[in-house]
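Colleague: Compact mmCIF, C-alpha atoms, file run29.txt:
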# COMPACT_ATOMS: atom_id res chain seq x y z
CA MET A 5 -4.76 -24.75 -27.65
CA ALA A 6 -5.54 -23.34 -31.07
CA MET A 7 -1.82 -23.42 -31.78
CA SER A 8 -1.56 -27.15 -31.10
CA TRP A 9 -4.28 -27.82 -33.65
CA ILE A 10 -2.77 -25.52 -36.25
CA TRP A 11 0.52 -27.35 -35.90
CA VAL A 12 -1.08 -30.80 -36.10
CA VAL A 13 -3.02 -29.77 -39.22
CA MET A 14 0.15 -28.32 -40.81
CA VAL A 15 2.26 -31.40 -40.21
CA GLY A 16 -0.58 -33.81 -41.00
CA ALA A 17 -1.23 -32.10 -44.34
CA SER A 18 2.49 -32.14 -45.13
CA ILE A 19 2.76 -35.89 -44.51
CA LEU A 20 -0.38 -36.67 -46.54
CA CYS A 21 0.66 -34.44 -49.41
CA GLY A 22 4.27 -35.59 -49.28
CA ALA A 23 3.22 -39.23 -49.41
CA ALA A 24 0.83 -38.55 -52.30
CA THR A 25 3.43 -36.69 -54.36
CA GLY A 26 6.30 -39.03 -53.39
CA ARG A 27 8.25 -36.22 -51.72
CA MET A 28 8.49 -37.80 -48.27
CA ASP A 29 12.30 -37.50 -48.18
CA ALA A 30 12.12 -33.80 -48.92
CA VAL A 31 9.48 -33.35 -46.21
CA ALA A 32 11.65 -35.11 -43.63
CA GLY A 33 14.63 -32.97 -44.57
CA ALA A 34 12.54 -29.82 -44.49
CA ALA A 35 11.49 -30.48 -40.88
CA LEU A 36 15.11 -30.24 -39.68
CA GLU A 37 15.90 -27.39 -42.05
CA GLY A 38 12.91 -25.46 -40.65
CA ALA A 39 14.13 -25.96 -37.08
CA ASN A 40 17.52 -24.50 -38.02
CA ALA A 41 15.85 -21.62 -39.83
CA GLY A 42 13.88 -20.79 -36.67
CA VAL A 43 17.05 -20.25 -34.63
CA GLU A 44 18.80 -18.36 -37.43
CA LEU A 45 15.84 -16.04 -37.95
CA SER A 46 15.52 -15.22 -34.25
CA LEU A 47 19.22 -14.43 -34.02
CA ALA A 48 19.17 -12.33 -37.17
CA MET A 49 16.19 -10.37 -35.82
CA ALA A 50 17.68 -9.79 -32.39
CA GLY A 51 19.71 -6.70 -33.31
CA VAL A 52 16.85 -4.62 -34.70
CA MET A 53 14.53 -5.82 -31.92
CA CYS A 54 17.06 -4.71 -29.31
CA LEU A 55 17.50 -1.30 -30.88
CA TRP A 56 13.77 -0.54 -31.21
CA MET A 57 12.75 -1.84 -27.84
CA GLY A 58 15.44 0.45 -26.43
CA VAL A 59 14.14 3.48 -28.34
CA MET A 60 10.57 2.65 -27.31
CA ARG A 61 11.56 2.44 -23.67
CA VAL A 62 13.03 5.96 -23.90
CA MET A 63 9.74 7.17 -25.47
CA GLU A 64 7.80 5.58 -22.63
CA LYS A 65 9.99 7.01 -19.84
CA SER A 66 10.17 10.53 -21.27
CA GLY A 67 6.41 10.94 -21.09
CA LEU A 68 5.58 10.61 -24.79
CA VAL A 69 2.75 8.19 -23.97
CA GLY A 70 1.15 10.67 -21.57
CA GLY A 71 1.46 13.56 -24.01
CA LEU A 72 0.07 11.54 -26.88
CA SER A 73 -2.92 10.35 -24.87
CA ARG A 74 -3.83 13.97 -24.02
CA CYS A 75 -3.79 14.81 -27.76
CA LEU A 76 -5.99 11.79 -28.52
CA HIS A 77 -8.66 12.63 -25.97
CA PRO A 78 -10.87 14.82 -28.24
CA ILE A 79 -10.98 12.16 -30.98
CA LEU A 80 -11.62 9.29 -28.61
CA SER A 81 -14.48 10.96 -26.80
CA ARG A 82 -16.36 10.80 -30.13
CA LEU A 83 -15.70 7.08 -30.47
CA TYR A 84 -16.95 6.34 -26.97
CA PRO A 85 -19.82 8.82 -26.46
CA GLN A 86 -21.28 6.86 -23.48
CA HIS A 87 -18.07 7.37 -21.51
CA ARG A 88 -17.25 10.92 -22.60
CA ASP A 89 -17.46 12.30 -19.07
CA ASP A 90 -15.90 9.33 -17.30
CA ALA A 91 -12.31 10.42 -16.70
CA GLN A 92 -11.23 6.95 -15.57
CA VAL A 93 -12.42 5.16 -18.71
CA MET A 94 -11.25 7.87 -21.09
CA GLY A 95 -7.84 8.00 -19.38
CA ALA A 96 -7.34 4.27 -19.77
CA VAL A 97 -8.58 4.26 -23.38
CA SER A 98 -6.35 7.20 -24.41
CA ALA A 99 -3.28 5.65 -22.82
CA ASN A 100 -4.15 2.32 -24.48
CA VAL A 101 -4.30 3.93 -27.94
CA ALA A 102 -1.12 5.94 -27.31
CA ALA A 103 0.78 2.81 -26.27
CA ASN A 104 -0.58 0.97 -29.33
CA LEU A 105 0.61 3.75 -31.64
CA LEU A 106 4.10 3.56 -30.17
CA GLY A 107 4.11 -0.25 -30.42
CA LEU A 108 4.31 -0.79 -26.66
CA GLY A 109 2.28 -4.00 -26.60
CA ASN A 110 3.22 -4.82 -23.01
CA ALA A 111 1.96 -1.45 -21.85
CA SER A 112 -1.16 -1.20 -24.02
CA THR A 113 -2.83 -4.50 -23.11
CA PRO A 114 -3.16 -3.90 -19.33
CA LEU A 115 -4.49 -0.38 -20.03
CA GLY A 116 -7.02 -1.70 -22.54
CA ILE A 117 -8.12 -4.43 -20.15
CA ARG A 118 -8.65 -1.84 -17.41
CA ALA A 119 -10.86 0.17 -19.76
CA ALA A 120 -12.73 -3.01 -20.74
CA GLN A 121 -13.37 -3.96 -17.11
CA LEU A 122 -14.66 -0.47 -16.30
CA MET A 123 -16.95 -0.55 -19.35
CA ALA A 124 -18.27 -4.00 -18.45
CA GLN A 125 -19.31 -3.03 -14.92
CA GLY A 126 -22.98 -3.79 -14.39
CA ALA A 127 -23.46 -5.00 -17.96
CA GLY A 128 -24.20 -8.57 -16.86
CA GLY A 129 -21.82 -10.27 -19.27
CA VAL A 130 -23.17 -8.54 -22.38
CA ALA A 131 -20.73 -6.44 -24.43
CA SER A 132 -21.85 -2.80 -24.70
CA ASP A 133 -21.34 -0.82 -27.90
CA SER A 134 -18.33 0.91 -26.33
CA LEU A 135 -16.75 -2.38 -25.33
CA CYS A 136 -17.23 -3.78 -28.84
CA MET A 137 -15.60 -0.63 -30.22
CA LEU A 138 -12.69 -0.96 -27.80
CA VAL A 139 -12.09 -4.57 -28.85
CA VAL A 140 -12.40 -3.76 -32.56
CA CYS A 141 -9.89 -0.91 -32.19
CA ASN A 142 -7.46 -3.22 -30.42
CA THR A 143 -7.77 -5.99 -33.02
CA ALA A 144 -6.57 -3.55 -35.67
CA SER A 145 -2.88 -2.73 -35.53
CA ILE A 146 -2.13 0.99 -35.41
CA GLN A 147 1.55 0.66 -34.56
CA LEU A 148 3.55 3.47 -36.19
CA ILE A 149 6.88 1.61 -36.36
CA PRO A 150 6.36 -2.13 -36.97
CA ALA A 151 9.76 -3.12 -35.52
CA THR A 152 9.32 -6.90 -35.59
CA VAL A 153 8.43 -7.00 -39.28
CA ALA A 154 11.23 -4.61 -40.12
CA SER A 155 13.68 -6.84 -38.27
CA ILE A 156 12.52 -9.87 -40.29
CA ARG A 157 13.09 -7.92 -43.50
CA GLN A 158 16.51 -6.79 -42.28
CA ALA A 159 17.37 -10.41 -41.42
CA ALA A 160 16.38 -11.49 -44.95
CA GLY A 161 18.79 -8.92 -46.43
CA SER A 162 16.45 -6.11 -47.39
CA GLY A 163 18.02 -3.00 -48.88
CA ALA A 164 15.82 -0.72 -46.79
CA ALA A 165 13.91 -2.62 -44.11
CA PHE A 166 11.75 0.36 -43.18
CA ASP A 167 10.68 1.35 -46.72
CA ILE A 168 7.33 -0.38 -46.12
CA LEU A 169 6.30 2.23 -43.52
CA PRO A 170 3.99 4.30 -45.77
CA ALA A 171 2.30 1.13 -47.01
CA VAL A 172 1.86 -0.12 -43.43
CA TRP A 173 0.37 3.22 -42.34
CA LEU A 174 -2.02 3.24 -45.28
CA ALA A 175 -3.13 -0.37 -44.72
CA SER A 176 -3.48 0.19 -40.94
CA ALA A 177 -5.57 3.31 -41.51
CA VAL A 178 -7.89 1.49 -43.93
CA SER A 179 -8.17 -1.51 -41.62
CA VAL A 180 -8.97 0.49 -38.49
CA THR A 181 -11.41 2.77 -40.36
CA VAL A 182 -13.32 -0.16 -41.84
CA GLY A 183 -13.38 -1.84 -38.40
CA ILE A 184 -14.78 1.29 -36.73
CA VAL A 185 -17.36 1.88 -39.47
CA ALA A 186 -18.40 -1.79 -39.35
CA ALA A 187 -18.80 -1.56 -35.56
CA LYS A 188 -20.85 1.64 -35.81
CA VAL A 189 -23.11 0.18 -38.52
CA MET A 190 -23.53 -3.16 -36.73
CA ALA A 191 -24.34 -1.32 -33.48
CA ARG A 192 -27.46 0.00 -35.24
CA VAL A 193 -28.59 -3.13 -37.02
CA TRP A 194 -27.44 -5.93 -34.67
CA ARG A 195 -30.34 -7.96 -33.22
CA GLU A 196 -29.86 -10.62 -30.58
CA MET B 19 16.66 8.69 -43.32
CA VAL B 20 13.42 8.58 -41.28
CA VAL B 21 14.69 6.00 -38.82
CA PRO B 22 17.93 7.71 -37.70
CA VAL B 23 16.05 11.01 -37.32
CA ILE B 24 13.38 9.36 -35.14
CA MET B 25 16.06 7.74 -32.99
CA LEU B 26 17.95 11.00 -32.57
CA GLY B 27 14.73 12.88 -31.83
CA VAL B 28 13.64 10.41 -29.17
CA MET B 29 17.05 10.46 -27.48
CA VAL B 30 17.26 14.28 -27.47
CA TRP B 31 13.69 14.50 -26.17
CA GLY B 32 14.55 11.98 -23.47
CA ILE B 33 17.58 14.00 -22.35
CA ALA B 34 15.47 17.18 -22.39
CA CYS B 35 12.99 15.42 -20.09
CA ARG B 36 15.83 14.58 -17.69
CA VAL B 37 15.65 10.86 -18.45
CA ASP B 38 18.95 8.97 -18.40
CA ALA B 39 18.40 8.20 -22.08
CA TRP B 40 21.37 5.90 -22.59
CA SER B 41 20.69 3.59 -19.63
CA THR B 42 17.02 3.48 -20.60
CA LEU B 43 17.96 2.58 -24.18
CA VAL B 44 20.16 -0.23 -22.91
CA GLU B 45 17.54 -1.42 -20.43
CA GLY B 46 14.88 -1.55 -23.18
CA GLY B 47 17.36 -3.28 -25.46
CA ALA B 48 17.81 -6.05 -22.90
CA GLN B 49 14.05 -6.54 -23.01
CA GLY B 50 14.18 -6.71 -26.80
CA LEU B 51 16.85 -9.37 -26.64
CA GLN B 52 14.73 -11.36 -24.20
CA THR B 53 11.79 -11.12 -26.60
CA ALA B 54 13.97 -12.39 -29.44
CA VAL B 55 15.23 -15.29 -27.33
CA ARG B 56 11.73 -16.15 -26.12
CA MET B 57 10.64 -16.35 -29.77
CA VAL B 58 13.17 -19.10 -30.59
CA PRO B 59 11.20 -22.20 -29.51
CA SER B 60 7.93 -21.15 -31.15
CA LEU B 61 9.68 -20.05 -34.35
CA VAL B 62 11.58 -23.37 -34.47
CA GLY B 63 8.34 -25.33 -34.13
CA LEU B 64 6.48 -23.21 -36.65
CA LEU B 65 9.15 -22.96 -39.30
CA CYS B 66 9.59 -26.72 -38.99
CA GLY B 67 5.88 -27.09 -39.87
CA VAL B 68 5.92 -24.42 -42.58
CA TYR B 69 9.01 -25.85 -44.29
CA MET B 70 7.39 -29.29 -44.32
CA LEU B 71 4.22 -27.83 -45.83
CA ARG B 72 6.20 -26.16 -48.58
CA ALA B 73 8.37 -29.22 -49.30
CA SER B 74 5.33 -31.52 -49.49
CA GLY B 75 3.63 -29.36 -52.11
CA ALA B 76 0.59 -28.76 -49.87
CA LEU B 77 1.04 -24.99 -49.91
CA GLU B 78 1.21 -24.88 -53.71
CA LEU B 79 -1.94 -26.99 -53.82
CA LEU B 80 -3.79 -24.56 -51.54
CA GLU B 81 -2.45 -21.60 -53.49
CA GLY B 82 -3.59 -23.16 -56.75
CA LEU B 83 -7.10 -23.65 -55.38
CA ILE B 84 -7.50 -20.14 -54.01
CA ALA B 85 -5.31 -18.25 -56.48
CA PRO B 86 -8.11 -17.31 -58.93
CA VAL B 87 -10.22 -15.72 -56.19
CA LEU B 88 -7.32 -13.87 -54.56
CA GLY B 89 -5.91 -12.77 -57.91
CA LEU B 90 -9.27 -11.23 -58.76
CA VAL B 91 -9.12 -8.85 -55.79
CA GLY B 92 -5.40 -8.15 -56.11
CA ILE B 93 -4.02 -10.21 -53.21
CA PRO B 94 -0.87 -12.24 -54.08
CA PRO B 95 -2.00 -15.91 -53.87
CA GLU B 96 1.26 -16.90 -52.17
CA THR B 97 0.04 -15.14 -49.02
CA VAL B 98 -2.99 -17.44 -48.63
CA GLY B 99 -1.54 -19.27 -45.59
CA LEU B 100 -0.78 -15.97 -43.90
CA LEU B 101 -4.35 -14.74 -44.44
CA VAL B 102 -5.79 -17.84 -42.78
CA VAL B 103 -3.45 -17.89 -39.79
CA ARG B 104 -3.05 -14.16 -39.09
CA PRO B 105 -6.21 -13.63 -36.99
CA ILE B 106 -5.67 -16.89 -35.04
CA SER B 107 -2.02 -17.00 -34.02
CA GLY B 108 0.56 -14.23 -33.92
CA SER B 109 3.57 -16.52 -33.81
CA ALA B 110 2.28 -18.76 -36.62
CA ALA B 111 1.70 -15.69 -38.77
CA LEU B 112 5.19 -14.45 -37.95
CA GLY B 113 6.66 -17.82 -38.98
CA LEU B 114 4.71 -17.97 -42.25
CA GLY B 115 5.43 -14.32 -43.03
CA ALA B 116 9.15 -14.77 -42.35
CA GLU B 117 9.22 -17.78 -44.64
CA LEU B 118 7.50 -15.82 -47.45
CA ILE B 119 9.90 -12.90 -46.99
CA GLU B 120 12.87 -15.25 -47.10
CA THR B 121 11.66 -17.33 -50.07
CA TYR B 122 10.52 -14.51 -52.34
CA GLY B 123 12.97 -11.89 -51.09
CA PRO B 124 12.27 -8.99 -48.71
CA ASP B 125 12.02 -6.49 -51.57
CA SER B 126 9.74 -8.57 -53.81
CA LEU B 127 6.01 -8.00 -54.24
CA VAL B 128 5.12 -11.06 -52.16
CA GLY B 129 7.74 -10.31 -49.49
CA ARG B 130 6.65 -6.70 -49.13
CA THR B 131 2.95 -7.57 -49.11
CA ALA B 132 3.51 -10.20 -46.40
CA ALA B 133 5.47 -7.67 -44.33
CA VAL B 134 2.78 -4.99 -44.69
CA MET B 135 0.02 -7.51 -43.82
CA LEU B 136 1.92 -8.50 -40.67
CA GLY B 137 2.54 -4.88 -39.75
CA SER B 138 -0.98 -3.62 -40.28
CA THR B 139 -3.11 -6.33 -38.64
CA GLU B 140 -3.32 -7.97 -35.22
CA THR B 141 -4.04 -11.42 -33.81
CA THR B 142 -7.77 -10.74 -33.70
CA PHE B 143 -9.02 -13.83 -31.88
CA TYR B 144 -6.30 -13.62 -29.24
CA THR B 145 -7.18 -9.98 -28.53
CA VAL B 146 -10.90 -10.75 -28.40
CA ALA B 147 -10.25 -13.62 -25.97
CA VAL B 148 -8.01 -11.52 -23.71
CA TYR B 149 -10.32 -8.50 -23.52
CA PHE B 150 -13.64 -10.29 -23.15
CA GLY B 151 -12.08 -12.82 -20.79
CA ALA B 152 -10.73 -10.09 -18.52
CA ALA B 153 -14.03 -8.19 -18.60
CA LYS B 154 -16.04 -11.41 -17.98
CA ILE B 155 -18.18 -10.93 -21.08
CA SER B 156 -19.93 -13.98 -22.51
CA ARG B 157 -22.17 -12.33 -25.12
CA THR B 158 -19.70 -10.64 -27.49
CA ARG B 159 -22.41 -9.48 -29.95
CA TYR B 160 -20.93 -8.03 -33.16
CA ALA B 161 -17.34 -7.55 -31.93
CA ILE B 162 -15.87 -10.50 -33.85
CA PRO B 163 -17.58 -9.88 -37.22
CA ALA B 164 -16.69 -6.18 -37.07
CA ALA B 165 -13.08 -6.98 -36.18
CA LEU B 166 -12.84 -9.48 -39.06
CA CYS B 167 -14.18 -6.82 -41.46
CA GLY B 168 -11.24 -4.70 -40.37
CA ASP B 169 -8.83 -7.61 -40.96
CA VAL B 170 -10.11 -8.30 -44.49
CA ALA B 171 -9.90 -4.59 -45.30
CA GLY B 172 -6.34 -4.60 -43.94
CA PHE B 173 -5.28 -7.52 -46.16
CA LEU B 174 -6.77 -5.90 -49.26
CA ALA B 175 -5.31 -2.51 -48.42
CA ALA B 176 -1.88 -4.06 -47.77
CA SER B 177 -1.87 -5.72 -51.21
CA TRP B 178 -3.08 -2.58 -52.99
CA ALA B 179 -0.76 -0.25 -51.08
CA VAL B 180 2.32 -2.30 -51.97
CA ARG B 181 1.33 -2.50 -55.64
CA TRP B 182 0.63 1.21 -55.76
CA LEU B 183 3.59 2.51 -53.72
CA PHE B 184 6.24 0.21 -55.18
CA GLY B 185 4.83 -0.05 -58.70
CA ILE B 186 5.35 -3.81 -59.06
Rewrite the structure of this file - the entire thing - as structure tokens.

Modeller:
Amino acid sequence: MAMSWIWVVMVGASILCGAATGRMDAVAGAALEGANAGVELSLAMAGVMCLWMGVMRVMEKSGLVGGLSRCLHPILSRLYPQHRDDAQVMGAVSANVAANLLGLGNASTPLGIRAAQLMAQGAGGVASDSLCMLVVCNTASIQLIPATVASIRQAAGSGAAFDILPAVWLASAVSVTVGIVAAKVMARVWRE
Amino acid sequence: MVVPVIMLGVMVWGIACRVDAWSTLVEGGAQGLQTAVRMVPSLVGLLCGVYMLRASGALELLEGLIAPVLGLVGIPPETVGLLVVRPISGSAALGLGAELIETYGPDSLVGRTAAVMLGSTETTFYTVAVYFGAAKISRTRYAIPAALCGDVAGFLAASWAVRWLFGI
């Protein structure tokens, strides 16, 4: 639903602005040009998407997710102290983070939702501190190889599509750290 | 250099774990192709809108209004549309980001910053809706403000990281 409104606002603003600046012809042309660009971009991205999804599937099948989630367990039990001894919750959360790191969106969401449902049991519709933390951690991207973005850059003719990796890691680390700190601080001061 | 080594490493590891690495690679690739095809309609719709916005001069207008504020904190003003849309819609952000990367060039300051912003943030409101919806939570307390703090930090960090690491 949000998308419909975004689109209406975009096109409405274009028509208003185009009419005001006398660029209506250009706007009309741009609509068709944009439609073409959409198909071209998807096709140009397909190769890199194919390759990375293939590599990710091998990671998933060869047990990298399981191994990674075992390594993450000690860190995560600090983030979710209320559930430290609950193997079910911690298992789901670790696997969720591991899948996020590897960029396996399809795998990470069901795992995260399972953790969220377990955390919400008996909470009467109110988000606990752990659940807020889980959501905040999942709204920050911690993907190690941002394949989609790299494929867009490749499609646009970048010399080295993956040269943004260090910058992405740095920005992701800052974003997730600030999110976690904000959640921890707000957990102390938040009043209903 | 990093990418081929990762690919080789994953394949060798897969073989060592007795996974039929090649068939798995192909199977995953088919999924990737499906994803790319499924993106076509939404990208067509979005790029249609974004191209119209740019042609009408509305984007420049918005940039001009917000540029002084963004410039002050080091965020390229051209990315203003991306900042607004990123937490709300993943596909809209992808469309806007792709347009920026194409227009300014993938190896330009704006193109790189847009790519890093896309790669280091998530569709916050979508995630919040999915998780709290599935867990039947109606009082979300501080989850949204805390998540948005993370997003803002991500945008700033993306801009600074690109400036610092690429020296442009």

Colleague: Counting all atoms listed in the file, which of A:Ala48, A:Val189, A:Cys136, A:Leu169 gets nearest to chain B?

Modeller: A:Cys136

Colleague: For chain A, work out the contacting residues on chain B at 6 Å, counting all atoms listed in the file, and write them as a VMD selection string.

Modeller: chain B and resid 32 35 42 to 44 46 to 47 50 to 51 54 58 61 to 62 65 to 67 69 to 71 73 to 74 76 120 124 133 to 134 137 to 140 142 149 153 155 to 158 161 164 to 165 167 to 168 171 to 172 175 to 176 179

Colleague: Please report the interatomic distance between CA of Ala102 in chain A and CA of Gly126 in chain A in Å with one decimal.

Modeller: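 Going from CA of Ala102 in chain A over to CA of Gly126 in chain A covers 27.2 Å.
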
Colleague: Find, counting only C-alpha atoms, the residue in A:Leu83, A:Leu108, A:Met94, A:Leu72 that gets nearest to Gln49 in chain B.

Modeller: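 The answer is A:Leu108, which sits nearest to Gln49 in chain B.
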
Colleague: What does the structure give for the distance between CA of Phe143 in chain B and CA of Leu105 in chain A, in Å to one decimal?

Modeller: 20.0 Å

Colleague: Using only C-alpha atoms, pick whichever of B:Val87, B:Phe173, B:Ser60, B:Gly115 has the shortest atom-to-atom distance to Gly99 in chain B.

Modeller: B:Gly115

Colleague: Could you tell me how far CA of Ala103 in chain A lies from CA of His77 in chain A, in Å and to one decimal?

Modeller: 13.6 Å
